[in-house]
Amino acid sequence: MSDLVVKTVEELKAAPEEYREAVAKLVISHAVNELYGAQVFDEPAIAYAPTPYAKWLTCRVAMEEYGHHVRFKQLGVQMGIPEQRMVPGAGKKPLSIFEFPLKTWEEFVAIKLLADLAEILQVEDLLHCTFHPLRNLARATMPEERFHAQFGEDFSAELVKTPDGKARLQAAVNEYWPYLPKFFGGSKSRNNEIFRKWKIKQRTNDEMREDFVKRATEVAAKYGLTLPEVRLAA
Amino acid sequence: MSAQDARGPEEFERHWSGALPAMIPLLETLRIEVRSASWFAALGEPLSDGDRVDATDYSGAAEVQRVASWAEAEAFLKLTTTLDWWNREEALRKELLAQAEARYPERALWTALTELTTDAGDLVHGKAATAAARMGGAAPASIHVAAGAAAQAVYQLAVARAAGASASPFESKFRLFAAGRWPLGVAGSRLVLF
């Protein structure tokens, strides 16, 4: 394991190539996926929100997700990454969940409840990153990610008040849950090995996935929801 | 904001070319207006003549109803029966966005709007939190709702101006926010103003 700590983007220029490439991969991945999420789920959800209160709350969530993309992209630009590598359609394959356009409000609530919990775990793993500009960005992003997951909990609590609402939310959970454990990558990921070698990330993909399933099961149970069985390893 | 972009690098570059500099004066003016606005400073205060004029310009409503507390505002916003005005605004926004996209390259327009709205969102969020702390009685989520409403108003105005629509209702909507008010929506013939 390395003791390298990179405090600024300027210092990154002197870091080993493997370290620089690893950090760039993470920044690109976050920039692309935050943008995909905002475009595929958050912005379309505004139309499905049932009241002006829910619509403006969803507007705020969408703007924050776009904002995360902007912040990761700005860091990437400072690092010398071309902008076109940090937007969808530039060769980076999106997560499979983004291939299923949003159809209902309940789907959005399920995504906020569970997919944003997955996002929280990803950001948590960067809170002690040895590349401090990325660590600081993770720390700035975390309160907003927590708010988005809380949004999922608050509207889940509303929906499960009626049998019909609960059934629709459970159906949405059943549809989206199978895609979520794959967020954490393969069990034998070479990238993850490099991230941990340089202490850019802290945990293995399997450790994160296991933690996610545990926390997701707990949060779903709070609202009387169950998670369907899925094969966990990606 | 726009749909996904699946263009290759060359087309991506062409899509960008020269558009941001052309948009800078337009956006700089709006940025200054956003920074100098009195976001949420007059919530619950008695209505002035200026508020009434802007409210009428914005909504065309025959009456203006003031709400005086966050609790009243939240109750109104949680009604499911008051979405006609929202749908009208959304239809207008889409129409203006199409006009704006005809004037500017899509990616450059999208980037400029996203960055403006992101900056504005952070600013108005703090202002909404300050107003909520000063007045008391706001649910924590309502600060996010207020910030969403205000940032949406900035976005709508930016789209309108990028479309060259100088007399859109989004101008008077923004003026209400800039004067410290929050237009909550239209119910029947009433505009409800916080």
# chains A, B, ... in the order shown; residues from 1 in each chain; ligands from 1
>>> closest_atom_pairs(of="chain B", to="chain A", cutoff="6 Å", atoms="only C-alpha atoms", output="Markdown table")
| residue | atom | partner | partner_atom | distance |
| --- | --- | --- | --- | --- |
| B:Asp5 | CA | A:Gly89 | CA | 5.9 |
| B:Ala6 | CA | A:Gly89 | CA | 4.1 |
| B:Leu77 | CA | A:Tyr53 | CA | 4.9 |
| B:Lys78 | CA | A:Tyr53 | CA | 5.5 |
| B:Thr80 | CA | A:Thr51 | CA | 5.0 |
| B:Thr118 | CA | A:Gly67 | CA | 5.3 |
| B:His144 | CA | A:Leu57 | CA | 5.9 |
| B:Val145 | CA | A:Leu57 | CA | 4.5 |
| B:Gly148 | CA | A:Arg60 | CA | 4.2 |
| B:Ala149 | CA | A:Trp56 | CA | 5.5 |
>>> write_last_selection(atoms="C-alpha atoms", output="mmCIF file, in the first residue's frame")
data_model
loop_
_atom_site.group_PDB
_atom_site.id
_atom_site.type_symbol
_atom_site.label_atom_id
_atom_site.label_comp_id
_atom_site.auth_asym_id
_atom_site.auth_seq_id
_atom_site.Cartn_x
_atom_site.Cartn_y
_atom_site.Cartn_z
ATOM 1 C CA ASP B 5 -26.106 13.549 -26.512
ATOM 2 C CA ALA B 6 -24.664 10.623 -28.401
ATOM 3 C CA LEU B 77 -48.337 23.646 -2.341
ATOM 4 C CA LYS B 78 -49.448 20.182 -1.259
ATOM 5 C CA THR B 80 -53.085 18.207 -6.024
ATOM 6 C CA THR B 118 -26.309 25.359 -10.512
ATOM 7 C CA HIS B 144 -35.324 22.770 -0.671
ATOM 8 C CA VAL B 145 -38.754 23.390 -2.222
ATOM 9 C CA GLY B 148 -36.177 24.623 -6.340
ATOM 10 C CA ALA B 149 -38.852 27.203 -7.112
#
>>> residues_around(residues="stretch 102-111 of chain A", least_positions_apart="4", cutoff="9 Å", atoms="only C-alpha atoms", output="PyMOL selection string")
chain A and resi 40-42+44-50+115-117+149+151-156+159+165+168-173+175-177
>>> write_last_selection(atoms="N, CA, C and O atoms", output="short mmCIF file (atom, residue, chain, number, x, y, z; two decimals), in the first residue's frame")
data_model
loop_
_atom_site.label_atom_id
_atom_site.label_comp_id
_atom_site.auth_asym_id
_atom_site.auth_seq_id
_atom_site.Cartn_x
_atom_site.Cartn_y
_atom_site.Cartn_z
N VAL A 40 -31.92 11.07 -17.08
CA VAL A 40 -32.81 9.92 -17.28
C VAL A 40 -33.88 9.84 -16.19
O VAL A 40 -35.00 9.43 -16.45
N PHE A 41 -33.52 10.24 -14.97
CA PHE A 41 -34.46 10.08 -13.86
C PHE A 41 -34.95 11.40 -13.26
O PHE A 41 -36.15 11.64 -13.17
N ASP A 42 -34.03 12.25 -12.82
CA ASP A 42 -34.44 13.39 -12.00
C ASP A 42 -35.24 14.42 -12.78
O ASP A 42 -36.30 14.85 -12.32
N PRO A 44 -36.93 14.10 -15.76
CA PRO A 44 -38.26 13.60 -16.16
C PRO A 44 -39.22 13.43 -14.99
O PRO A 44 -40.43 13.53 -15.16
N ALA A 45 -38.68 13.18 -13.78
CA ALA A 45 -39.56 12.95 -12.62
C ALA A 45 -40.37 14.18 -12.25
O ALA A 45 -41.44 14.06 -11.63
N ILE A 46 -39.89 15.36 -12.62
CA ILE A 46 -40.63 16.59 -12.28
C ILE A 46 -42.05 16.50 -12.84
O ILE A 46 -43.02 16.87 -12.17
N ALA A 47 -42.19 15.98 -14.03
CA ALA A 47 -43.52 15.89 -14.66
C ALA A 47 -44.43 14.90 -13.92
O ALA A 47 -45.65 15.07 -13.91
N TYR A 48 -43.85 13.88 -13.30
CA TYR A 48 -44.66 12.87 -12.60
C TYR A 48 -45.01 13.27 -11.17
O TYR A 48 -45.88 12.66 -10.55
N ALA A 49 -44.30 14.22 -10.60
CA ALA A 49 -44.53 14.59 -9.20
C ALA A 49 -45.98 15.08 -9.04
O ALA A 49 -46.48 15.83 -9.88
N PRO A 50 -46.64 14.66 -7.95
CA PRO A 50 -48.09 14.86 -7.87
C PRO A 50 -48.56 16.24 -7.41
O PRO A 50 -49.74 16.56 -7.57
N ALA A 115 -31.30 3.62 -5.10
CA ALA A 115 -30.14 3.94 -5.94
C ALA A 115 -29.31 5.07 -5.32
O ALA A 115 -28.08 5.08 -5.43
N ASP A 116 -29.99 6.01 -4.68
CA ASP A 116 -29.22 7.09 -4.06
C ASP A 116 -28.49 6.62 -2.82
O ASP A 116 -27.47 7.20 -2.43
N LEU A 117 -28.98 5.55 -2.20
CA LEU A 117 -28.22 4.92 -1.11
C LEU A 117 -26.93 4.32 -1.67
O LEU A 117 -25.85 4.44 -1.06
N ALA A 149 -31.53 10.75 -0.67
CA ALA A 149 -31.99 9.48 -0.10
C ALA A 149 -33.14 9.73 0.88
O ALA A 149 -34.10 8.95 0.94
N PHE A 151 -35.26 12.15 0.65
CA PHE A 151 -36.40 12.41 -0.24
C PHE A 151 -37.08 11.07 -0.55
O PHE A 151 -38.31 10.95 -0.49
N GLY A 152 -36.28 10.06 -0.90
CA GLY A 152 -36.84 8.73 -1.19
C GLY A 152 -37.58 8.17 0.01
O GLY A 152 -38.66 7.60 -0.13
N GLU A 153 -37.01 8.36 1.19
CA GLU A 153 -37.67 7.84 2.40
C GLU A 153 -38.97 8.61 2.68
O GLU A 153 -40.00 8.00 3.00
N ASP A 154 -38.92 9.93 2.57
CA ASP A 154 -40.12 10.73 2.89
C ASP A 154 -41.28 10.37 1.97
O ASP A 154 -42.42 10.22 2.42
N PHE A 155 -41.01 10.26 0.67
CA PHE A 155 -42.12 9.96 -0.25
C PHE A 155 -42.50 8.48 -0.18
O PHE A 155 -43.66 8.14 -0.45
N SER A 156 -41.57 7.60 0.20
CA SER A 156 -41.96 6.21 0.45
C SER A 156 -42.95 6.17 1.61
O SER A 156 -43.96 5.45 1.55
N LEU A 159 -46.30 7.14 0.30
CA LEU A 159 -46.92 6.15 -0.60
C LEU A 159 -47.44 4.93 0.14
O LEU A 159 -48.50 4.40 -0.19
N GLY A 165 -50.86 2.48 -3.00
CA GLY A 165 -49.58 3.17 -3.11
C GLY A 165 -48.43 2.24 -2.76
O GLY A 165 -47.39 2.22 -3.44
N ARG A 168 -47.79 -0.22 -5.58
CA ARG A 168 -47.11 0.39 -6.74
C ARG A 168 -45.62 0.62 -6.43
O ARG A 168 -44.75 0.44 -7.28
N LEU A 169 -45.34 1.05 -5.19
CA LEU A 169 -43.95 1.26 -4.81
C LEU A 169 -43.19 -0.07 -4.77
O LEU A 169 -42.05 -0.16 -5.24
N GLN A 170 -43.81 -1.11 -4.24
CA GLN A 170 -43.16 -2.43 -4.20
C GLN A 170 -42.87 -2.93 -5.62
O GLN A 170 -41.80 -3.50 -5.89
N ALA A 171 -43.81 -2.69 -6.53
CA ALA A 171 -43.59 -3.10 -7.93
C ALA A 171 -42.39 -2.37 -8.53
O ALA A 171 -41.59 -2.97 -9.26
N ALA A 172 -42.27 -1.08 -8.20
CA ALA A 172 -41.13 -0.30 -8.70
C ALA A 172 -39.82 -0.83 -8.10
O ALA A 172 -38.80 -0.93 -8.79
N VAL A 173 -39.83 -1.14 -6.81
CA VAL A 173 -38.64 -1.71 -6.16
C VAL A 173 -38.26 -3.03 -6.84
O VAL A 173 -37.09 -3.28 -7.14
N GLU A 175 -38.79 -3.91 -9.82
CA GLU A 175 -38.27 -3.67 -11.17
C GLU A 175 -36.82 -3.18 -11.15
O GLU A 175 -36.00 -3.62 -11.96
N TYR A 176 -36.51 -2.25 -10.24
CA TYR A 176 -35.20 -1.61 -10.28
C TYR A 176 -34.13 -2.28 -9.42
O TYR A 176 -32.93 -2.18 -9.72
N TRP A 177 -34.55 -2.93 -8.33
CA TRP A 177 -33.55 -3.49 -7.41
C TRP A 177 -32.54 -4.42 -8.10
O TRP A 177 -31.33 -4.32 -7.81
#
>>> select_by_dssp(residues="stretch 21-50 of chain B", states="helix (DSSP H, G or I)", output="MDAnalysis selection string")
chainID B and resid 21:36 49:50
>>> residues_around(residues="B:Ala128", least_positions_apart="2", cutoff="9 Å", atoms="only C-alpha atoms", output="list in words")
Trp39, Phe40, Ala41, Leu123, Val124, His125, Gly126, Thr130, Ala131, Ala132, Ala133, Ser142, Ile143, His144, Ala146 and Ala147 of chain B
>>> write_last_selection(atoms="all heavy atoms", output="tab-separated table (two decimals), in the first residue's frame")
chain	number	residue	atom	x	y	z
B	39	TRP	N	-33.85	37.66	-2.59
B	39	TRP	CA	-34.52	36.36	-2.51
B	39	TRP	C	-35.16	36.12	-1.15
B	39	TRP	O	-34.49	36.15	-0.13
B	39	TRP	CB	-33.51	35.24	-2.78
B	39	TRP	CG	-32.90	35.29	-4.15
B	39	TRP	CD1	-31.65	35.73	-4.47
B	39	TRP	CD2	-33.52	34.89	-5.39
B	39	TRP	NE1	-31.45	35.63	-5.84
B	39	TRP	CE2	-32.58	35.12	-6.42
B	39	TRP	CE3	-34.77	34.38	-5.72
B	39	TRP	CZ2	-32.84	34.84	-7.75
B	39	TRP	CZ3	-35.05	34.10	-7.05
B	39	TRP	CH2	-34.09	34.34	-8.04
B	40	PHE	N	-36.45	35.91	-1.14
B	40	PHE	CA	-37.23	35.49	0.04
B	40	PHE	C	-37.21	36.51	1.19
B	40	PHE	O	-37.60	36.18	2.30
B	40	PHE	CB	-36.75	34.12	0.55
B	40	PHE	CG	-36.77	33.05	-0.50
B	40	PHE	CD1	-35.60	32.48	-0.97
B	40	PHE	CD2	-37.98	32.61	-1.04
B	40	PHE	CE1	-35.62	31.50	-1.95
B	40	PHE	CE2	-38.00	31.62	-2.02
B	40	PHE	CZ	-36.82	31.07	-2.47
B	41	ALA	N	-36.79	37.75	0.91
B	41	ALA	CA	-36.66	38.74	2.00
B	41	ALA	C	-38.01	39.31	2.43
B	41	ALA	O	-38.11	39.88	3.51
B	41	ALA	CB	-35.72	39.86	1.57
B	123	LEU	N	-27.00	29.68	-4.38
B	123	LEU	CA	-27.26	30.99	-3.78
B	123	LEU	C	-28.65	31.03	-3.14
B	123	LEU	O	-28.81	31.41	-1.97
B	123	LEU	CB	-27.15	32.09	-4.85
B	123	LEU	CG	-27.57	33.49	-4.40
B	123	LEU	CD1	-26.51	34.11	-3.50
B	123	LEU	CD2	-27.82	34.40	-5.60
B	124	VAL	N	-29.68	30.66	-3.90
B	124	VAL	CA	-31.05	30.81	-3.39
B	124	VAL	C	-31.34	29.82	-2.26
B	124	VAL	O	-32.16	30.10	-1.39
B	124	VAL	CB	-32.10	30.67	-4.51
B	124	VAL	CG1	-31.92	31.77	-5.53
B	124	VAL	CG2	-32.08	29.30	-5.18
B	125	HIS	N	-30.64	28.69	-2.26
B	125	HIS	CA	-30.82	27.73	-1.17
B	125	HIS	C	-30.44	28.38	0.17
B	125	HIS	O	-31.17	28.28	1.17
B	125	HIS	CB	-29.98	26.48	-1.40
B	125	HIS	CG	-30.40	25.31	-0.58
B	125	HIS	ND1	-30.92	24.17	-1.11
B	125	HIS	CD2	-30.40	25.12	0.77
B	125	HIS	CE1	-31.23	23.32	-0.14
B	125	HIS	NE2	-30.91	23.88	1.02
B	126	GLY	N	-29.32	29.07	0.17
B	126	GLY	CA	-28.88	29.77	1.39
B	126	GLY	C	-29.86	30.86	1.79
B	126	GLY	O	-30.16	31.04	2.98
B	130	THR	N	-32.08	31.12	5.25
B	130	THR	CA	-32.05	32.32	6.10
B	130	THR	C	-33.47	32.80	6.40
B	130	THR	O	-33.81	33.11	7.54
B	130	THR	CB	-31.25	33.44	5.41
B	130	THR	OG1	-29.93	32.96	5.15
B	130	THR	CG2	-31.18	34.70	6.26
B	131	ALA	N	-34.29	32.85	5.36
B	131	ALA	CA	-35.68	33.31	5.54
B	131	ALA	C	-36.44	32.36	6.46
B	131	ALA	O	-37.20	32.80	7.34
B	131	ALA	CB	-36.37	33.41	4.19
B	132	ALA	N	-36.22	31.06	6.29
B	132	ALA	CA	-36.93	30.08	7.12
B	132	ALA	C	-36.50	30.21	8.58
B	132	ALA	O	-37.33	30.14	9.50
B	132	ALA	CB	-36.65	28.67	6.61
B	133	ALA	N	-35.20	30.41	8.81
B	133	ALA	CA	-34.72	30.56	10.19
B	133	ALA	C	-35.28	31.83	10.82
B	133	ALA	O	-35.65	31.85	11.99
B	133	ALA	CB	-33.19	30.60	10.19
B	142	SER	N	-39.00	22.15	3.10
B	142	SER	CA	-39.56	23.33	2.42
B	142	SER	C	-38.47	24.30	1.97
B	142	SER	O	-38.68	25.07	1.02
B	142	SER	CB	-40.56	24.04	3.33
B	142	SER	OG	-41.64	23.18	3.58
B	143	ILE	N	-37.33	24.26	2.64
B	143	ILE	CA	-36.20	25.11	2.20
B	143	ILE	C	-35.74	24.63	0.81
B	143	ILE	O	-35.49	25.45	-0.08
B	143	ILE	CB	-35.06	25.04	3.22
B	143	ILE	CG1	-35.53	25.68	4.53
B	143	ILE	CG2	-33.81	25.74	2.70
B	143	ILE	CD1	-34.65	25.35	5.73
B	144	HIS	N	-35.69	23.33	0.64
B	144	HIS	CA	-35.32	22.77	-0.67
B	144	HIS	C	-36.39	23.10	-1.72
B	144	HIS	O	-36.08	23.38	-2.87
B	144	HIS	CB	-35.17	21.25	-0.58
B	144	HIS	CG	-34.06	20.81	0.32
B	144	HIS	ND1	-32.78	20.59	-0.12
B	144	HIS	CD2	-34.03	20.56	1.65
B	144	HIS	CE1	-32.01	20.21	0.88
B	144	HIS	NE2	-32.75	20.18	1.98
B	146	ALA	N	-38.37	25.74	-1.72
B	146	ALA	CA	-38.22	27.16	-2.06
B	146	ALA	C	-37.04	27.37	-3.00
B	146	ALA	O	-37.14	28.13	-3.99
B	146	ALA	CB	-38.04	27.98	-0.78
B	147	ALA	N	-35.95	26.69	-2.71
B	147	ALA	CA	-34.77	26.82	-3.57
B	147	ALA	C	-35.06	26.27	-4.97
B	147	ALA	O	-34.63	26.85	-5.98
B	147	ALA	CB	-33.58	26.09	-2.95
>>> residues_around(residues="B:Leu191", least_positions_apart="2", cutoff="8 Å", atoms="only C-alpha atoms", output="list of chain:residue names")
B:Ala55, B:Ser59, B:Ala61, B:Ala62, B:Glu63, B:Val64, B:Gln65, B:Pro183, B:Leu184, B:Gly185, B:Val186, B:Ala187, B:Ser189, B:Leu193
>>> write_last_selection(atoms="N, CA and C atoms", output="short mmCIF file (atom, residue, chain, number, x, y, z; two decimals), in the first residue's frame")
data_model
loop_
_atom_site.label_atom_id
_atom_site.label_comp_id
_atom_site.auth_asym_id
_atom_site.auth_seq_id
_atom_site.Cartn_x
_atom_site.Cartn_y
_atom_site.Cartn_z
N ALA B 55 -47.57 40.60 -10.10
CA ALA B 55 -48.38 39.38 -9.96
C ALA B 55 -49.39 39.28 -11.09
N SER B 59 -49.30 36.34 -14.01
CA SER B 59 -50.30 35.26 -14.04
C SER B 59 -51.58 35.59 -14.78
N ALA B 61 -54.02 36.64 -13.28
CA ALA B 61 -55.09 36.34 -12.32
C ALA B 61 -55.81 37.60 -11.89
N ALA B 62 -57.11 37.46 -11.61
CA ALA B 62 -57.91 38.62 -11.21
C ALA B 62 -57.60 39.06 -9.78
N GLU B 63 -57.21 38.12 -8.95
CA GLU B 63 -56.96 38.44 -7.54
C GLU B 63 -55.56 37.98 -7.15
N VAL B 64 -55.04 38.64 -6.12
CA VAL B 64 -53.78 38.20 -5.53
C VAL B 64 -54.04 37.90 -4.06
N GLN B 65 -53.73 36.69 -3.65
CA GLN B 65 -53.94 36.31 -2.26
C GLN B 65 -52.60 36.14 -1.58
N PRO B 183 -44.07 33.47 -5.62
CA PRO B 183 -45.37 33.12 -6.20
C PRO B 183 -45.58 31.60 -6.11
N LEU B 184 -46.62 31.20 -5.39
CA LEU B 184 -46.80 29.77 -5.09
C LEU B 184 -47.62 29.04 -6.14
N GLY B 185 -48.41 29.81 -6.91
CA GLY B 185 -49.22 29.15 -7.93
C GLY B 185 -50.57 29.83 -8.08
N VAL B 186 -51.34 29.32 -9.00
CA VAL B 186 -52.64 29.92 -9.30
C VAL B 186 -53.73 28.91 -8.97
N ALA B 187 -54.71 29.37 -8.21
CA ALA B 187 -55.88 28.54 -7.89
C ALA B 187 -57.11 29.28 -8.38
N SER B 189 -59.08 31.89 -9.99
CA SER B 189 -58.73 33.23 -10.49
C SER B 189 -57.74 33.93 -9.55
N LEU B 193 -49.52 34.34 -3.29
CA LEU B 193 -48.18 34.93 -3.16
C LEU B 193 -47.74 34.87 -1.70
#
>>> atom_distance(atom1="atom CA of B:Val192", atom2="atom CA of B:Ala165")
25.2 Å
>>> residues_around(residues="A:Glu218", least_positions_apart="6", cutoff="12 Å", atoms="only C-alpha atoms", output="list in words")
Leu113, Leu114, Leu117, Glu153, Asp211, Phe212, Gly224, Leu225, Thr226 and Leu227 of chain A
